[in-house]
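Trainee: Contents are CSV, C-alpha atoms (C1' of nucleotides); file name target37.csv:
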chain,number,residue,atom,x,y,z
A,1,MET,CA,-17.5,11.1,-30.3
A,2,TYR,CA,-13.9,11.6,-31.3
A,3,GLU,CA,-12.8,11.3,-34.9
A,4,LYS,CA,-10.2,8.6,-35.3
A,5,THR,CA,-8.2,10.0,-38.1
A,6,ASN,CA,-5.1,11.6,-36.7
A,7,HIS,CA,-6.8,12.3,-33.4
A,8,LEU,CA,-5.9,10.5,-30.3
A,9,CYS,CA,-8.7,9.7,-28.0
A,10,PHE,CA,-7.3,10.6,-24.6
A,11,CYS,CA,-10.1,9.0,-22.6
A,12,PRO,CA,-7.9,6.1,-21.5
A,13,LEU,CA,-5.5,8.7,-20.1
A,14,GLU,CA,-7.8,9.4,-17.3
A,15,GLY,CA,-6.4,6.7,-15.1
A,16,VAL,CA,-2.8,7.0,-16.2
A,17,ILE,CA,-2.6,10.7,-15.8
A,18,ASP,CA,-2.9,10.3,-12.1
A,19,VAL,CA,0.2,8.1,-12.1
A,20,ILE,CA,2.5,10.0,-14.3
A,21,SER,CA,1.4,13.4,-13.0
A,22,LYS,CA,2.8,12.5,-9.6
A,23,LYS,CA,5.9,14.6,-9.2
A,24,TRP,CA,8.4,11.8,-8.9
A,25,ALA,CA,6.9,9.0,-11.0
A,26,LEU,CA,8.5,9.8,-14.3
A,27,LEU,CA,11.9,10.5,-12.7
A,28,THR,CA,11.7,7.2,-10.9
A,29,ILE,CA,10.8,5.3,-14.0
A,30,ASN,CA,13.6,7.0,-15.8
A,31,ALA,CA,16.1,6.3,-13.1
A,32,LEU,CA,15.2,2.6,-13.0
A,33,GLY,CA,15.3,2.5,-16.8
A,34,ASN,CA,18.8,3.9,-16.7
A,35,HIS,CA,20.2,1.6,-14.2
A,36,GLY,CA,18.1,-1.5,-14.6
A,37,THR,CA,18.1,-2.3,-10.9
A,38,LEU,CA,18.3,0.0,-8.0
A,39,ARG,CA,18.0,-0.2,-4.2
A,40,PHE,CA,16.1,2.2,-2.1
A,41,LYS,CA,19.1,4.2,-1.2
A,42,GLY,CA,20.3,4.1,-4.7
A,43,LEU,CA,17.1,5.7,-5.8
A,44,MET,CA,17.4,8.3,-3.0
A,45,LYS,CA,20.7,9.3,-4.5
A,46,GLU,CA,19.4,9.4,-8.1
A,47,LEU,CA,16.4,11.4,-7.2
A,48,ASP,CA,17.9,14.5,-5.8
A,49,LYS,CA,16.8,15.1,-2.3
A,50,ILE,CA,13.6,13.2,-2.4
A,51,ALA,CA,12.1,12.5,1.0
A,52,PRO,CA,12.0,8.8,2.0
A,53,LYS,CA,8.3,8.9,2.4
A,54,SER,CA,7.8,10.4,-1.1
A,55,LEU,CA,9.9,7.7,-2.6
A,56,SER,CA,8.1,5.1,-0.6
A,57,ASP,CA,4.8,6.4,-1.7
A,58,THR,CA,5.8,6.7,-5.3
A,59,LEU,CA,7.2,3.2,-5.4
A,60,LYS,CA,4.1,1.7,-3.9
A,61,GLU,CA,1.9,3.4,-6.4
A,62,LEU,CA,4.1,2.3,-9.3
A,63,GLN,CA,4.0,-1.2,-8.0
A,64,ALA,CA,0.3,-1.1,-7.7
A,65,GLU,CA,0.1,0.0,-11.3
A,66,GLY,CA,2.3,-2.9,-12.3
A,67,LEU,CA,5.1,-0.7,-13.6
A,68,VAL,CA,7.7,-1.4,-11.0
A,69,ARG,CA,8.8,-4.7,-9.5
A,70,ARG,CA,10.1,-5.1,-6.0
A,71,GLU,CA,12.3,-8.0,-4.8
A,72,SER,CA,13.4,-8.3,-1.3
A,73,PHE,CA,16.1,-10.6,-0.1
A,74,ALA,CA,16.1,-12.1,3.4
A,75,GLU,CA,19.6,-11.0,4.3
A,76,ILE,CA,21.4,-9.1,7.0
A,77,PRO,CA,21.5,-6.3,6.3
A,78,PRO,CA,18.2,-6.4,4.3
A,79,ARG,CA,18.4,-5.8,0.6
A,80,VAL,CA,15.5,-4.7,-1.6
A,81,GLU,CA,15.9,-4.2,-5.4
A,82,TYR,CA,13.6,-2.3,-7.6
A,83,SER,CA,13.3,-2.7,-11.4
A,84,LEU,CA,10.9,-2.0,-14.2
A,85,THR,CA,8.3,-4.5,-15.2
A,86,ARG,CA,7.7,-5.1,-18.9
A,87,ASP,CA,4.9,-2.5,-18.7
A,88,GLY,CA,7.2,-0.1,-17.0
A,89,MET,CA,9.9,-0.5,-19.7
A,90,GLN,CA,7.3,0.2,-22.3
A,91,LEU,CA,6.3,3.3,-20.5
A,92,ARG,CA,9.9,4.3,-20.2
A,93,LYS,CA,10.3,4.0,-23.9
A,94,ALA,CA,7.2,6.0,-24.4
A,95,ILE,CA,8.5,8.9,-22.4
A,96,VAL,CA,11.9,9.1,-24.1
A,97,PRO,CA,10.7,11.7,-26.7
A,98,LEU,CA,9.3,13.7,-23.8
A,99,LEU,CA,12.6,13.6,-22.0
A,100,ARG,CA,14.4,14.6,-25.2
A,101,TRP,CA,12.0,17.5,-25.7
A,102,ALA,CA,12.6,18.6,-22.2
A,103,ALA,CA,16.3,18.4,-22.6
A,104,THR,CA,16.2,20.8,-25.5
A,105,ARG,CA,14.2,23.3,-23.6
A,106,GLU,CA,17.0,24.7,-21.7
A,107,ARG,CA,14.7,25.9,-19.0
B,1,MET,CA,27.5,12.5,-12.6
B,2,TYR,CA,25.3,10.8,-15.1
B,3,GLU,CA,26.8,8.6,-17.8
B,4,LYS,CA,25.8,9.7,-21.2
B,5,THR,CA,25.6,6.4,-23.1
B,6,ASN,CA,22.1,5.4,-23.2
B,7,HIS,CA,21.1,7.2,-20.1
B,8,LEU,CA,19.0,10.3,-20.2
B,9,CYS,CA,19.9,13.0,-17.8
B,10,PHE,CA,16.6,14.0,-16.3
B,11,CYS,CA,18.0,17.2,-14.7
B,12,PRO,CA,16.2,19.4,-17.3
B,13,LEU,CA,13.0,17.7,-16.4
B,14,GLU,CA,12.9,19.6,-13.2
B,15,GLY,CA,11.2,22.6,-14.7
B,16,VAL,CA,9.2,20.6,-17.2
B,17,ILE,CA,7.8,18.2,-14.7
B,18,ASP,CA,5.9,21.0,-13.0
B,19,VAL,CA,4.2,21.7,-16.3
B,20,ILE,CA,3.3,18.3,-17.5
B,21,SER,CA,2.5,17.0,-14.1
B,22,LYS,CA,-0.4,19.3,-13.9
B,23,LYS,CA,-3.4,17.1,-14.2
B,24,TRP,CA,-4.8,18.7,-17.3
B,25,ALA,CA,-1.8,20.0,-19.1
B,26,LEU,CA,-1.2,17.0,-21.4
B,27,LEU,CA,-4.9,16.6,-22.1
B,28,THR,CA,-5.1,20.2,-23.1
B,29,ILE,CA,-2.1,20.0,-25.3
B,30,ASN,CA,-3.5,17.0,-26.9
B,31,ALA,CA,-6.9,18.5,-27.4
B,32,LEU,CA,-5.5,21.6,-29.0
B,33,GLY,CA,-3.2,19.4,-31.1
B,34,ASN,CA,-6.2,17.5,-32.4
B,35,HIS,CA,-8.3,20.4,-33.3
B,36,GLY,CA,-5.8,23.1,-34.1
B,37,THR,CA,-7.8,25.8,-32.6
B,38,LEU,CA,-10.4,25.7,-29.8
B,39,ARG,CA,-12.3,28.2,-27.7
B,40,PHE,CA,-12.7,28.0,-24.0
B,41,LYS,CA,-16.0,26.3,-24.2
B,42,GLY,CA,-14.7,23.9,-26.8
B,43,LEU,CA,-11.9,22.9,-24.5
B,44,MET,CA,-14.4,22.4,-21.7
B,45,LYS,CA,-16.3,20.0,-23.9
B,46,GLU,CA,-13.2,18.1,-24.9
B,47,LEU,CA,-11.8,17.8,-21.4
B,48,ASP,CA,-14.5,15.9,-19.7
B,49,LYS,CA,-16.0,17.9,-16.8
B,50,ILE,CA,-13.0,20.0,-16.1
B,51,ALA,CA,-13.7,22.9,-13.8
B,52,PRO,CA,-13.5,26.3,-15.5
B,53,LYS,CA,-10.9,27.4,-13.1
B,54,SER,CA,-8.7,24.4,-13.7
B,55,LEU,CA,-8.9,25.0,-17.4
B,56,SER,CA,-8.2,28.7,-16.9
B,57,ASP,CA,-5.2,28.0,-14.7
B,58,THR,CA,-3.9,25.3,-17.0
B,59,LEU,CA,-4.1,27.6,-20.0
B,60,LYS,CA,-2.4,30.4,-18.2
B,61,GLU,CA,0.5,28.2,-17.2
B,62,LEU,CA,0.8,26.8,-20.7
B,63,GLN,CA,0.8,30.3,-22.1
B,64,ALA,CA,3.5,31.4,-19.6
B,65,GLU,CA,5.5,28.4,-20.8
B,66,GLY,CA,5.1,29.5,-24.4
B,67,LEU,CA,3.3,26.4,-25.3
B,68,VAL,CA,-0.1,27.8,-26.0
B,69,ARG,CA,-1.2,30.9,-27.8
B,70,ARG,CA,-4.2,32.9,-26.9
B,71,GLU,CA,-6.0,35.2,-29.3
B,72,SER,CA,-8.9,37.3,-28.2
B,73,PHE,CA,-11.2,39.0,-30.5
B,74,ALA,CA,-13.1,42.2,-29.6
B,75,GLU,CA,-16.5,41.0,-30.7
B,76,ILE,CA,-19.9,40.7,-29.3
B,77,PRO,CA,-20.2,38.0,-28.1
B,78,PRO,CA,-16.6,37.8,-27.1
B,79,ARG,CA,-14.4,35.2,-28.7
B,80,VAL,CA,-11.1,33.8,-27.5
B,81,GLU,CA,-9.2,31.2,-29.4
B,82,TYR,CA,-6.5,28.9,-28.1
B,83,SER,CA,-3.9,27.1,-30.2
B,84,LEU,CA,-0.5,25.5,-29.9
B,85,THR,CA,2.6,27.5,-30.5
B,86,ARG,CA,5.5,25.9,-32.4
B,87,ASP,CA,6.9,24.7,-29.1
B,88,GLY,CA,3.6,23.4,-28.1
B,89,MET,CA,3.3,21.4,-31.2
B,90,GLN,CA,6.7,19.9,-30.6
B,91,LEU,CA,5.7,18.9,-27.2
B,92,ARG,CA,2.5,17.4,-28.6
B,93,LYS,CA,4.6,15.3,-30.9
B,94,ALA,CA,6.8,14.2,-28.0
B,95,ILE,CA,3.8,12.9,-26.0
B,96,VAL,CA,2.2,10.9,-28.8
B,97,PRO,CA,4.0,7.7,-27.7
B,98,LEU,CA,2.9,8.3,-24.2
B,99,LEU,CA,-0.7,8.7,-25.3
B,100,ARG,CA,-0.4,5.6,-27.4
B,101,TRP,CA,1.0,3.7,-24.5
B,102,ALA,CA,-1.8,5.0,-22.3
B,103,ALA,CA,-4.4,4.0,-24.8
B,104,THR,CA,-3.2,0.4,-24.8
B,105,ARG,CA,-3.4,0.1,-21.1
B,106,GLU,CA,-7.1,-0.4,-21.0
B,107,ARG,CA,-7.3,0.9,-17.5
C,1,DC,C1',-23.8,34.5,-23.3
C,2,DC,C1',-18.5,33.5,-22.6
C,3,DG,C1',-14.4,33.7,-20.0
C,4,DA,C1',-12.4,34.3,-15.6
C,5,DA,C1',-12.0,35.4,-10.5
C,6,DT,C1',-13.1,33.8,-5.3
C,7,DC,C1',-13.4,30.6,-1.8
C,8,DC,C1',-12.6,26.3,0.2
C,9,DT,C1',-11.1,21.5,0.9
C,10,DG,C1',-8.4,17.1,0.1
C,11,DG,C1',-4.3,15.2,-0.7
C,12,DA,C1',0.5,15.4,-2.4
C,13,DC,C1',4.8,16.5,-0.7
C,14,DG,C1',8.4,17.4,2.7
C,15,DA,C1',11.1,17.1,7.3
C,16,DT,C1',12.2,14.6,11.0
C,17,DA,C1',12.5,10.8,14.1
C,18,DC,C1',12.1,6.2,14.8
C,19,DT,C1',11.8,0.7,14.1
C,20,DG,C1',12.7,-4.2,12.3
D,1,DC,C1',19.6,-0.8,5.2
D,2,DA,C1',14.9,-0.2,4.2
D,3,DG,C1',11.6,1.7,5.1
D,4,DT,C1',7.3,3.6,8.5
D,5,DA,C1',5.1,7.1,11.8
D,6,DT,C1',3.8,11.5,12.6
D,7,DC,C1',3.1,16.1,11.8
D,8,DG,C1',2.7,20.2,9.1
D,9,DT,C1',2.3,22.9,4.8
D,10,DC,C1',0.9,24.2,0.5
D,11,DC,C1',-1.4,24.2,-3.7
D,12,DA,C1',-4.0,21.8,-7.4
D,13,DG,C1',-8.6,21.3,-8.4
D,14,DG,C1',-13.8,21.5,-7.7
D,15,DA,C1',-18.2,24.3,-6.8
D,16,DT,C1',-19.9,28.6,-7.1
D,17,DT,C1',-20.2,33.3,-8.4
D,18,DC,C1',-18.8,37.4,-11.0
D,19,DG,C1',-17.6,40.5,-15.1
D,20,DG,C1',-18.0,42.2,-20.1
Output the file's structure as structure tokens, nothing else.
Mentor:
Amino acid sequence: MYEKTNHLCFCPLEGVIDVISKKWALLTINALGNHGTLRFKGLMKELDKIAPKSLSDTLKELQAEGLVRRESFAEIPPRVEYSLTRDGMQLRKAIVPLLRWAATRER
Amino acid sequence: MYEKTNHLCFCPLEGVIDVISKKWALLTINALGNHGTLRFKGLMKELDKIAPKSLSDTLKELQAEGLVRRESFAEIPPRVEYSLTRDGMQLRKAIVPLLRWAATRER
DNA sequence: CCGAATCCTGGACGATACTG
DNA sequence: CAGTATCGTCCAGGATTCGG
């Protein structure tokens, strides 16, 4: 159906689009990629004025997709750390060109 | 605010996110990149079961962003051709790694 | 016949308050 | 500190219909 010369079959994108097209997904991935590990509050700071619920939702979806790992420590006060999985890091690498392109757009 | 070593400041993304996070934007960019020039109906075929309105909206936004060029010919029957601008082509290049990553996800 | 406008609904997103 | 509960808003996106 699709030629396979220089063309990219985007069929597999179907499922992934729904992930990366979420408003905060790429930002979150990038933030975690930059810092390696972040706590909930840390992410709140990085993602300017994101609502707790939005962050919570985003993290849950990214976990479900196997892109983000969550580690919670049974301490007082509680501590939860988020980081990228191997898949997540690959995605992060894949979006670097996109980030660079965006950075040069000046808009 | 952000270190500039290996980190990527995602501030510029703000505006761009709104573009690429539209469900069909990247697919459309990619389809046009693959074919060079496509008509409305051609895009409809490429983008599996997209609603006409969704495509219309997407194309308008991409035009407004200067990523897609629209040429209409005063013929009978009417013909309208869409293609990528130079900016659009650069974006297309920037998302290739993302598409490849998506393609390997098998999900 | 091809391209686009209208109408409507679901879900993403946000604000705030609250709990373990 | 790390979220959840709840409510409300808004718009992307799908089905249908219109215009040239």
Trainee: Could I get the residues of chain C with an atom no further than 8 Å from an atom of chain B, each paired with its nearest atom pair and that distance in Å to one decimal, using all atoms listed in the file, sorted by chain and residue number, as a Markdown table?
Mentor:
| residue | atom | partner | partner_atom | distance |
| --- | --- | --- | --- | --- |
| C:DC1 | C1' | B:Pro77 | CA | 6.9 |
| C:DC2 | C1' | B:Pro78 | CA | 6.5 |
| C:DG3 | C1' | B:Phe40 | CA | 7.2 |
| C:DA4 | C1' | B:Ser56 | CA | 7.1 |
Trainee: Next, dump the selected residues to file, keeping only C-alpha atoms (C1' of nucleotides), as a CSV table (one decimal), in the coordinates of the input.
Mentor:
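This is the output file out_12.csv:
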chain,number,residue,atom,x,y,z
C,1,DC,C1',-23.8,34.5,-23.3
C,2,DC,C1',-18.5,33.5,-22.6
C,3,DG,C1',-14.4,33.7,-20.0
C,4,DA,C1',-12.4,34.3,-15.6
Trainee: Within 8 Å of chain B, which residues belong to chain D? Use only C-alpha atoms (C1' of nucleotides) and report them as JSON, numbers by chain.
Mentor: {"D": [12, 13, 14]}
Trainee: Take the residues just selected and output them with C-alpha atoms (C1' of nucleotides) as a CSV table (one decimal), keeping the file's coordinate frame.
Mentor:
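Listing of out39.csv after writing:
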chain,number,residue,atom,x,y,z
D,12,DA,C1',-4.0,21.8,-7.4
D,13,DG,C1',-8.6,21.3,-8.4
D,14,DG,C1',-13.8,21.5,-7.7
Trainee: For A:Leu59, find every residue with an atom within 12 Å (counting only C-alpha atoms (C1' of nucleotides)), except residues of its own chain fewer than 3 positions away, and show them as a ChimeraX atom specification.
Mentor: /A:19,22,24-29,32,38-40,43-44,52-56,62-70,81-84 /D:3
Trainee: Return as AutoDock Vina command-line options the box centre and box size in Å, one decimal, for an axis-aligned box around all listed atoms of stretch 21-29 of chain B padded by 3 Å per side.
Mentor:
--center_x -1.3 --center_y 18.4 --center_z -19.6 --size_x 13.6 --size_y 9.6 --size_z 17.4
Trainee: State, in Å with one decimal place, the distance from atom CA of A:Val96 to atom CA of B:Ile17.
Mentor: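 Computed distance, atom CA of A:Val96 to atom CA of B:Ile17, equals 13.7 Å.
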Trainee: Find the residue from A:Thr85, A:Ser72, A:Thr58, A:Asn30 that sits nearest to chain B; use all atoms listed in the file when measuring.
Mentor: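 Going through A:Thr85, A:Ser72, A:Thr58, A:Asn30 one by one, the smallest distance to chain B is for A:Asn30.
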Trainee: Using only C-alpha atoms, which of the listed residues (B:Thr104, B:Gly33, B:Arg86, B:Ala94) sits closest to chain A?
Mentor: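 That would be B:Ala94, the residue with the smallest distance to chain A.
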Trainee: Can you list, as a list in words, every protein, DNA or RNA residue that comes within 8 Å of A:Leu91 when you count only C-alpha atoms (C1' of nucleotides), leaving out same-chain residues fewer than 3 positions away?
Mentor: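 Contacts, with the query itself left out: Asp87, Gly88, Ala94 and Ile95 of chain A; Leu98 and Trp101 of chain B.
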Trainee: From the options B:Glu61, B:Phe73, B:Lys49, B:Asn34, which residue's atoms come nearest to B:Lys93, counting only C-alpha atoms?
Mentor: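 Nearest to B:Lys93: B:Asn34.
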Trainee: Could you work out how far atom C1' of C:DT6 lies from atom C1' of D:DG20, giving the answer in Å with one decimal?
Mentor: 17.7 Å
Trainee: Calculate how many Å separate atom C1' of C:DC13 from atom CA of B:Ala103, rounding to one decimal.
Mentor: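 These two atoms are separated by 28.7 Å.
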Trainee: Measuring atom to atom with all atoms listed in the file, identify which of D:DC18, D:DT6, D:DC1, D:DC11 is nearest to C:DA15.
Mentor: D:DT6
Trainee: Give me the residues within 12 Å of D:DC10 as a PyMOL selection string, counting all atoms listed in the file and dropping any in the same chain fewer than 6 places off.
Mentor: chain C and resi 10-14
